[in-house]
Each structure stands twice: as C-alpha cells, then as structure tokens.
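Okay, entry-v1.txt is below, compact mmCIF, C-alpha atoms and all ligand atoms:
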# COMPACT_ATOMS: atom_id res chain seq x y z
CA MET A 1 -3.61 12.95 27.36
CA ALA A 2 -1.21 10.09 26.68
CA GLU A 3 1.12 10.80 23.77
CA SER A 4 1.00 8.39 20.88
CA ARG A 5 3.91 7.50 18.62
CA THR A 6 2.35 9.69 15.95
CA GLY A 7 4.17 12.74 17.29
CA GLY A 8 1.73 13.71 20.03
CA LEU A 9 -1.49 13.32 18.06
CA PRO A 10 -4.28 11.62 19.99
CA ALA A 11 -5.22 8.16 18.74
CA ALA A 12 -6.85 8.27 15.33
CA THR A 13 -10.54 7.88 14.66
CA PRO A 14 -11.18 6.82 11.07
CA TRP A 15 -13.53 9.51 9.74
CA ALA A 16 -14.61 7.93 6.49
CA GLY A 17 -16.97 5.00 6.34
CA PRO A 18 -19.70 3.97 8.75
CA LYS A 19 -19.41 5.02 12.37
CA GLY A 20 -19.36 2.65 15.35
CA ALA A 21 -17.26 -0.29 16.43
CA SER A 22 -16.19 -2.54 13.59
CA ILE A 23 -15.97 -6.31 13.64
CA ALA A 24 -12.47 -7.19 14.83
CA SER A 25 -10.25 -7.80 11.83
CA ASP A 26 -6.86 -9.32 11.24
CA THR A 27 -5.61 -7.67 8.08
CA ASP A 28 -2.31 -9.59 8.15
CA ARG A 29 -4.10 -12.93 8.09
CA ASP A 30 -6.34 -11.75 5.24
CA TRP A 31 -3.32 -10.59 3.23
CA GLU A 32 -1.53 -13.87 3.69
CA ARG A 33 -4.67 -15.58 2.39
CA PHE A 34 -4.72 -13.29 -0.64
CA GLY A 35 -1.03 -14.00 -1.14
CA ALA A 36 -1.55 -17.75 -0.98
CA THR A 37 -4.73 -17.97 -3.08
CA ASP A 38 -5.26 -14.91 -5.27
CA PRO A 39 -2.15 -12.69 -5.12
CA TYR A 40 -2.62 -10.70 -8.36
CA TYR A 41 -6.28 -10.00 -7.63
CA GLY A 42 -5.21 -8.96 -4.11
CA VAL A 43 -3.02 -6.29 -5.73
CA LEU A 44 -5.38 -5.12 -8.50
CA ALA A 45 -8.95 -6.28 -7.84
CA GLU A 46 -9.99 -6.92 -11.44
CA ASP A 47 -11.47 -10.22 -12.60
CA ARG A 48 -8.81 -10.71 -15.29
CA PHE A 49 -6.19 -10.88 -12.49
CA ARG A 50 -7.95 -13.64 -10.51
CA SER A 51 -5.83 -16.79 -10.27
CA GLU A 52 -8.28 -18.79 -12.37
CA ASN A 53 -8.30 -16.16 -15.18
CA LEU A 54 -4.66 -15.08 -15.18
CA SER A 55 -3.53 -15.53 -18.79
CA GLU A 56 -0.05 -14.62 -20.05
CA GLU A 57 -1.56 -11.52 -21.60
CA ALA A 58 -3.21 -10.49 -18.31
CA ARG A 59 0.09 -11.04 -16.54
CA ARG A 60 1.87 -8.77 -19.06
CA GLU A 61 -0.80 -6.09 -18.64
CA PHE A 62 -0.47 -6.39 -14.86
CA PHE A 63 3.27 -5.66 -14.96
CA LYS A 64 2.77 -2.92 -17.56
CA THR A 65 0.69 -1.02 -14.97
CA GLY A 66 3.71 -1.15 -12.65
CA GLU A 67 6.04 0.19 -15.35
CA GLU A 68 3.63 3.04 -16.06
CA HIS A 69 3.36 3.81 -12.36
CA VAL A 70 7.14 4.07 -11.90
CA ALA A 71 7.65 6.11 -15.11
CA HIS A 72 4.92 8.53 -14.02
CA LEU A 73 6.22 8.75 -10.45
CA LEU A 74 9.86 9.39 -11.40
CA ALA A 75 8.81 12.05 -13.95
CA ARG A 76 6.68 13.72 -11.30
CA LEU A 77 9.44 13.61 -8.69
CA ARG A 78 11.85 15.15 -11.22
CA ARG A 79 9.34 17.85 -12.12
CA HIS A 80 8.31 18.82 -8.61
CA VAL A 81 10.90 17.59 -6.11
CA ASP A 82 14.37 17.16 -7.66
CA PRO A 83 15.13 17.59 -11.40
CA ALA A 84 18.14 15.24 -11.14
CA PHE A 85 16.44 12.57 -9.04
CA ARG A 86 17.90 9.12 -9.63
CA PRO A 87 17.55 6.95 -6.54
CA SER A 88 20.25 4.45 -5.68
CA ARG A 89 18.39 2.55 -2.95
CA VAL A 90 14.59 2.21 -2.99
CA LEU A 91 12.22 0.78 -0.39
CA ASP A 92 8.80 -0.40 -1.57
CA PHE A 93 6.57 -0.83 1.47
CA GLY A 94 3.75 -3.35 0.84
CA CYS A 95 5.33 -4.58 -2.38
CA GLY A 96 2.86 -7.41 -3.08
CA VAL A 97 3.96 -9.59 -5.99
CA GLY A 98 6.61 -7.09 -7.13
CA ARG A 99 4.53 -5.18 -9.70
CA ILE A 100 6.37 -1.97 -8.81
CA VAL A 101 9.62 -3.55 -7.57
CA VAL A 102 10.48 -4.84 -11.05
CA PRO A 103 10.50 -1.42 -12.78
CA PHE A 104 12.14 0.23 -9.75
CA ALA A 105 14.93 -2.35 -9.99
CA ARG A 106 15.64 -1.19 -13.54
CA ALA A 107 15.84 2.45 -12.41
CA CYS A 108 18.11 2.12 -9.38
CA ASP A 109 20.94 0.07 -7.83
CA GLU A 110 18.98 -1.83 -5.17
CA VAL A 111 15.30 -2.27 -4.26
CA VAL A 112 14.04 -3.72 -1.02
CA GLY A 113 10.45 -4.95 -1.10
CA VAL A 114 8.67 -5.31 2.24
CA ASP A 115 5.38 -7.10 2.72
CA VAL A 116 3.44 -8.66 5.55
CA SER A 117 2.56 -11.73 3.45
CA ALA A 118 5.25 -14.38 2.99
CA SER A 119 3.32 -15.79 0.02
CA MET A 120 3.26 -12.39 -1.71
CA LEU A 121 7.03 -12.13 -1.15
CA ALA A 122 7.63 -15.60 -2.59
CA GLU A 123 5.63 -14.63 -5.70
CA ALA A 124 7.54 -11.33 -5.94
CA GLN A 125 10.83 -13.20 -5.82
CA MET A 126 9.67 -15.49 -8.64
CA ASN A 127 8.55 -12.51 -10.69
CA CYS A 128 11.92 -10.81 -10.28
CA ALA A 129 13.67 -13.96 -11.50
CA ALA A 130 11.25 -14.21 -14.44
CA HIS A 131 11.96 -10.57 -15.37
CA GLY A 132 15.75 -10.98 -15.06
CA VAL A 133 15.90 -8.69 -12.01
CA GLY A 134 18.86 -9.46 -9.75
CA ASN A 135 19.03 -6.34 -7.56
CA ALA A 136 15.86 -6.79 -5.50
CA ARG A 137 15.64 -8.18 -1.94
CA PHE A 138 12.54 -9.02 0.01
CA VAL A 139 11.88 -8.63 3.71
CA LEU A 140 8.92 -9.76 5.80
CA ALA A 141 7.22 -6.77 7.46
CA ASP A 142 6.52 -6.30 11.13
CA ASP A 143 5.17 -3.23 12.87
CA SER A 144 8.62 -1.95 13.85
CA LEU A 145 10.20 -2.71 10.44
CA SER A 146 12.82 -4.54 12.49
CA ARG A 147 14.14 -6.67 9.61
CA LEU A 148 15.09 -3.65 7.50
CA ASP A 149 18.58 -2.23 7.48
CA GLY A 150 19.80 1.24 6.60
CA THR A 151 18.12 4.14 4.88
CA PHE A 152 16.85 4.73 1.34
CA ASP A 153 16.94 7.52 -1.25
CA LEU A 154 13.31 6.75 -2.01
CA VAL A 155 10.72 5.28 0.33
CA HIS A 156 7.61 4.39 -1.65
CA SER A 157 4.25 2.85 -0.88
CA PHE A 158 1.21 2.56 -3.15
CA ILE A 159 -2.31 1.32 -2.27
CA VAL A 160 -1.08 -0.22 0.99
CA PHE A 161 -1.84 2.12 3.93
CA GLN A 162 -5.52 2.05 2.95
CA HIS A 163 -5.62 -1.62 3.93
CA LEU A 164 -4.26 -0.98 7.43
CA PRO A 165 -6.34 0.28 10.34
CA VAL A 166 -5.67 4.03 10.55
CA ASP A 167 -4.04 3.98 13.99
CA ARG A 168 -1.65 1.24 12.85
CA GLY A 169 -0.83 3.15 9.66
CA GLU A 170 -0.21 6.34 11.63
CA ARG A 171 2.25 4.45 13.86
CA LEU A 172 4.05 2.99 10.85
CA LEU A 173 4.37 6.27 8.99
CA PRO A 174 7.05 7.82 11.28
CA LEU A 175 9.06 4.59 11.04
CA LEU A 176 9.02 4.80 7.25
CA LEU A 177 9.93 8.50 7.39
CA GLY A 178 12.90 7.53 9.56
CA ARG A 179 14.08 5.24 6.75
CA ILE A 180 14.41 8.12 4.27
CA ALA A 181 18.07 9.15 4.00
CA PRO A 182 18.76 12.85 4.65
CA GLY A 183 17.84 14.66 1.43
CA GLY A 184 16.02 11.55 0.22
CA VAL A 185 12.47 11.42 -1.06
CA GLY A 186 9.21 9.89 0.13
CA ALA A 187 6.29 8.94 -2.12
CA LEU A 188 3.45 7.55 -0.02
CA HIS A 189 -0.14 6.90 -0.99
CA PHE A 190 -3.15 7.15 1.33
CA LEU A 191 -6.89 6.79 0.87
CA VAL A 192 -8.42 10.10 2.03
CA GLY A 193 -12.09 9.91 1.06
CA GLU A 194 -14.61 8.22 -1.15
CA ARG A 195 -17.27 8.88 -3.74
CA ARG A 196 -19.12 5.56 -3.75
CA SER A 197 -22.67 4.64 -4.67
CA PRO A 198 -25.22 3.93 -1.90
CA ALA A 199 -25.07 0.19 -2.79
CA GLN A 200 -21.28 0.15 -2.48
CA ARG A 201 -21.50 1.96 0.86
CA LEU A 202 -24.10 -0.50 2.11
CA ALA A 203 -21.88 -3.46 1.13
CA ALA A 204 -18.95 -1.84 2.98
CA PHE A 205 -21.15 -1.27 6.05
CA VAL A 206 -22.38 -4.88 6.05
CA ARG A 207 -18.85 -6.25 5.59
CA ARG A 208 -17.49 -4.13 8.39
CA ARG A 209 -20.21 -3.98 11.02
CA VAL A 210 -22.47 -7.00 10.66
CA PRO A 211 -21.38 -10.37 12.11
CA LEU A 212 -20.68 -12.72 9.15
CA GLY A 213 -21.44 -9.71 6.92
CA ARG A 214 -18.27 -10.14 4.88
CA ASN A 215 -19.22 -13.78 4.23
CA VAL A 216 -22.70 -12.77 3.08
CA VAL A 217 -21.23 -10.15 0.73
CA ASN A 218 -18.79 -12.78 -0.60
CA VAL A 219 -21.64 -15.15 -1.46
CA LEU A 220 -23.73 -12.36 -3.05
CA ARG A 221 -20.74 -11.58 -5.26
CA GLY A 222 -20.31 -15.21 -6.26
CA ARG A 223 -17.13 -15.67 -4.21
CA PRO A 224 -16.38 -18.40 -1.66
CA PHE A 225 -18.07 -17.87 1.74
CA GLY A 226 -14.74 -17.53 3.56
CA ALA A 227 -12.85 -15.47 0.93
CA PRO A 228 -10.47 -12.98 2.57
CA ASN A 229 -11.54 -9.42 3.26
CA MET A 230 -9.93 -6.29 1.83
CA GLU A 231 -10.32 -3.54 4.42
CA MET A 232 -10.44 0.03 3.09
CA ASN A 233 -9.52 2.77 5.54
CA ALA A 234 -9.40 6.51 4.87
CA TYR A 235 -6.85 8.72 6.58
CA ASP A 236 -7.25 12.31 7.72
CA LEU A 237 -5.02 14.41 5.47
CA ALA A 238 -4.47 17.09 8.12
CA ARG A 239 -3.18 14.49 10.56
CA LEU A 240 -0.88 13.03 7.89
CA LEU A 241 0.53 16.48 7.14
CA ARG A 242 1.10 17.05 10.84
CA ILE A 243 3.00 13.77 11.17
CA LEU A 244 5.12 14.71 8.14
CA GLY A 245 5.69 18.19 9.61
CA ASP A 246 6.75 16.69 12.95
CA HIS A 247 9.41 14.78 11.00
CA GLY A 248 10.82 17.80 9.23
CA VAL A 249 8.79 17.62 6.02
CA GLY A 250 7.49 21.10 5.20
CA GLU A 251 6.66 20.96 1.53
CA VAL A 252 4.48 18.22 0.11
CA CYS A 253 3.43 17.68 -3.49
CA LEU A 254 0.04 15.95 -3.73
CA GLU A 255 -1.49 14.07 -6.64
CA GLY A 256 -5.08 12.87 -6.35
CA THR A 257 -6.02 9.30 -7.28
CA ASP A 258 -9.45 7.78 -7.89
CA HIS A 259 -9.77 4.01 -7.81
CA GLY A 260 -13.43 3.27 -8.51
CA GLY A 261 -14.62 6.05 -6.21
CA TYR A 262 -11.94 5.52 -3.56
CA LEU A 263 -10.17 8.87 -3.50
CA GLY A 264 -6.50 8.86 -2.59
CA ALA A 265 -3.55 11.19 -2.25
CA MET A 266 -0.05 10.36 -3.40
CA LEU A 267 2.18 12.51 -1.21
CA ALA A 268 5.66 13.23 -2.55
CA PHE A 269 8.23 15.15 -0.55
CA ARG A 270 11.88 15.53 0.27
CA ARG A 271 13.05 14.83 3.81
C1 LIG B 301 -3.16 -3.79 -2.89
S1 LIG B 301 -1.64 -4.59 -2.57
C2 LIG B 301 -0.48 -3.45 -3.34
C3 LIG B 301 0.85 -4.07 -3.71
C4 LIG B 301 1.84 -3.11 -4.38
N1 LIG B 301 2.05 -1.93 -3.58
C5 LIG B 301 1.38 -2.73 -5.76
O1 LIG B 301 0.82 -1.63 -5.92
O2 LIG B 301 1.58 -3.51 -6.68
C6 LIG B 301 -1.36 -4.28 -0.84
C7 LIG B 301 -0.15 -5.00 -0.30
O3 LIG B 301 0.11 -4.51 1.02
C8 LIG B 301 0.53 -5.60 1.81
N2 LIG B 301 0.32 -5.27 3.23
C9 LIG B 301 -0.86 -5.25 3.90
N3 LIG B 301 -0.64 -4.93 5.20
C10 LIG B 301 0.70 -4.72 5.33
C11 LIG B 301 1.55 -4.38 6.42
N4 LIG B 301 1.05 -4.20 7.65
N5 LIG B 301 2.87 -4.26 6.20
C12 LIG B 301 3.37 -4.46 4.96
N6 LIG B 301 2.63 -4.81 3.89
C13 LIG B 301 1.31 -4.94 4.07
C14 LIG B 301 -0.34 -6.74 1.33
O4 LIG B 301 0.16 -8.00 1.70
C15 LIG B 301 -0.33 -6.50 -0.17
O5 LIG B 301 0.71 -7.18 -0.80
The structure in this file should be written as structure tokens.
Ligand SMILES: C[S@@+](CC[C@H](N)C(=O)[O-])C[C@H]1O[C@@H](n2cnc3c(N)ncnc32)[C@H](O)[C@@H]1O
Amino acid sequence: MAESRTGGLPAATPWAGPKGASIASDTDRDWERFGATDPYYGVLAEDRFRSENLSEEARREFFKTGEEHVAHLLARLRRHVDPAFRPSRVLDFGCGVGRIVVPFARACDEVVGVDVSASMLAEAQMNCAAHGVGNARFVLADDSLSRLDGTFDLVHSFIVFQHLPVDRGERLLPLLLGRIAPGGVGALHFLVGERRSPAQRLAAFVRRRVPLGRNVVNVLRGRPFGAPNMEMNAYDLARLLRILGDHGVGEVCLEGTDHGGYLGAMLAFRR
C-alpha cells in the first residue's frame, strides 16, 4: 500500500456523515467568499454576527468569546500540561478575523495568524489595529505552510480542521506538529462526531450529495441561492492519536466540545 504523508496511515475515509461520493467542493473558495461577504458569521454562525446585523454590541460579544476561549485554554494548559506555561510565540492556524489572535497577542510576545482567506486576514489586521494590538502578523495559508517561518511555543487551531476534507486535514496536521518548538505545546481542535436531529442530518445529506442541494438548502433557510457552503467533516480520533504518536506525542489531554450537536475534541499536548 502506498504510504501517505500521515505517517503511513492509508488515505482517510470520513466516517461521520452520509456515505458515498460527495459533490466536489472547493472549501478555499467558499472561505474566501465568507471572508469577503460575511466574515463574522463565517467564524461563529449566529444571526447576530451576520454582516447586516453586526452591531457594536454584537462585535464586542464576538471578541469576548475569543477572550474567554484564550483564558480557558491557558488555564487548562497550566493545569494539565505545564504549570508555568507562558508562550512567547504563538501560531493560530485558521485565525479568521482575529477573534483569538487579539487575546493571544496580549498573553505573548508575538502571534502569527494563518488563514486561507485573504479577506479574513485583512479583517483580522483591521481588528488588531482597532484593539491596539501591534504584535500580530498574518500569513496566507497554503497546504505546505510555505509562508511560515520558524517554530512556535504554542500551535493552536480552533473550529478549523472540521471545515477541511479529512485527508487534507490529516496531511496538514504533521506540518503543524513540525512547527511546535521542542518542548512547546499544541492545542488543536477536531470534530469527531455528531448528535444531530434527523432534519439536520437530512439537510447535511442534501447539501453534500445532491446536485444543487446546497443552493436548495440556502433558499429554504432564507439565504441567497449561491451563498457559500460550510463543510463539516469529522475526524477519526484513533487516527489523530496515531499521527500525534508518530510525531513523538505520547500524552494527550482531551476536552470535549459540543457546538449545536457537532461533537469535537480539543487536544492539548506537549511535543
Ligand atoms: C470557523 S472559522 C474559525 C476562525 C478562528 N479559528 C476562530 O475560532 O475565531 C474557520 C477559519 O478557518 C479558515 N480556513 C479554512 N480552511 C483553511 C485552510 N485550508 N487553511 C487555513 N485556514 C483555513 C477559514 O478561512 C476561517 O477563517
């Protein structure tokens, strides 16, 4: 069997969601469209964060969720991974509009935000300026992370891998692990299962498998016919642990997440 870049694992088969070939998707193009038209909703899919509804108050609440995320994460890393953890250099993979970059910037010397959408990065840059953050840099992603330099004390990613096809995510994971400095820490989030209603599952099936299905679902939900798609892909936890193990990570601390029935795992570990 041909070896993949996932450390000898055969190519992944997504195990959650409907079986069978899916309609070909271009997640990068969809994310650039979210970035250009509805960036805050693309990050947190709640109506109050849609471009047309985004009040100053909603914007404040949006960034407060990022502050809470970073406070919770750092406390957890100190409790379970390293009591004295204080990262100097942080990488936020799939940084979106900088919701998590801003609070990271206050807790470390330098943050690098990476995203596949140039429009998301432009918005993130504006948000950093608006929040008085001067120690964040932004880099456009590609599948070899070729525009990144050096290693990081903390490599972080939240609600990003779930939007990538599993085989692509499994190829990216070792590259991110390689960016963790020796003794540094990883905190990476993956969707690993779901507890969704039959109607939600049917909508996902139609979006994914039926030609023009995503457009039909858009219209039924009162959204424009051609609104971008947000793919949701679940990863196999055993395969993830094997990839981590192949890269020298033996002990992993796992926290479960539940976003409206999408069940995730935040994996935290020292390299
Ligand atoms: C749901 S948003 C989360 C943003 C941020 N992590 C947060 O929690 O605020 C997902 C982000 O991942 C980015 N993304 C999607 N595919 C990516 C890829 N292949 N490489 C890097 N970023 C990607 C999207 O552009 C989007 O900004």
Please check which protein, DNA or RNA residues sit within 7 Å of ligand LIG 301 (chain B), counting all atoms listed in the file, and write them as a PyMOL selection string. chain A and resi 27-28+31-32+35+42-44+66+93-100+114-117+120+141-143+157-160+163-164
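The spacing separating CA of Tyr41 in chain A from CA of Val192 in chain A amounts to 22.4 Å.
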When you draw a straight line from CA of Arg242 in chain A to CA of Val166 in chain A, how long is it in Å? 14.7 Å
One decimal place gives the CA of Ala84 in chain A-CA of Glu67 in chain A separation as 19.8 Å
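Ranking A:Leu212, A:Leu145, A:Val101, A:Cys108 by their shortest atom-to-atom distance to Asn127 in chain A, with all atoms listed in the file included, puts A:Val101 first.
Closest approach to Leu237 in chain A from the set A:Leu177, A:Val217, A:Glu170, A:Phe34 is made by A:Glu170, with distances taken over all atoms listed in the file.
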Residues of range 60-173 of chain A that have any atom at most 7 Å from an atom of range 183-186 of chain A: could you tabulate them with the shortest-distance atom pair and the distance in Å to one decimal, using all atoms listed in the file, ordered by chain and increasing number, as CSV?
residue,atom,partner,partner_atom,distance
A:Phe152,CA,A:Gly184,CA,7.0
A:Asp153,CA,A:Gly184,CA,4.4
A:Leu154,CA,A:Val185,CA,4.8
A:Val155,CA,A:Gly186,CA,4.9
A:His156,CA,A:Gly186,CA,6.0
I'd like to know which of A:Pro83, A:Ala118, A:Glu57, A:Leu244 is closest to Ala36 in chain A, using all atoms listed in the file. A:Ala118
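Checking A:Thr151, A:Ser88, A:Ser119, A:Ser197 one by one against Thr37 in chain A, counting all atoms listed in the file, you find the shortest gap at A:Ser119.
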Hey, what's within 9 Å of His80 in chain A if we count only C-alpha atoms and toss same-chain stuff fewer than 4 positions away? As a short mmCIF file (atom, residue, chain, number, x, y, z; two decimals) with C-alpha atoms, in the frame of the given file, please?
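Okay, this is what ended up in selection-v1.cif:
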data_model
loop_
_atom_site.label_atom_id
_atom_site.label_comp_id
_atom_site.auth_asym_id
_atom_site.auth_seq_id
_atom_site.Cartn_x
_atom_site.Cartn_y
_atom_site.Cartn_z
CA ALA A 75 8.81 12.05 -13.95
CA ARG A 76 6.68 13.72 -11.30
CA CYS A 253 3.43 17.68 -3.49
CA ALA A 268 5.66 13.23 -2.55
CA PHE A 269 8.23 15.15 -0.55
#
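Each of A:Gly250, A:Pro174, A:Gly132, A:Pro165 was checked against Arg270 in chain A using all atoms listed in the file; the smallest atom-to-atom distance is that of A:Gly250.
Using only C-alpha atoms, the smallest distance between any of A:Ala58, A:Leu191, A:Leu77, A:Cys128 and Tyr262 in chain A comes from A:Leu191.
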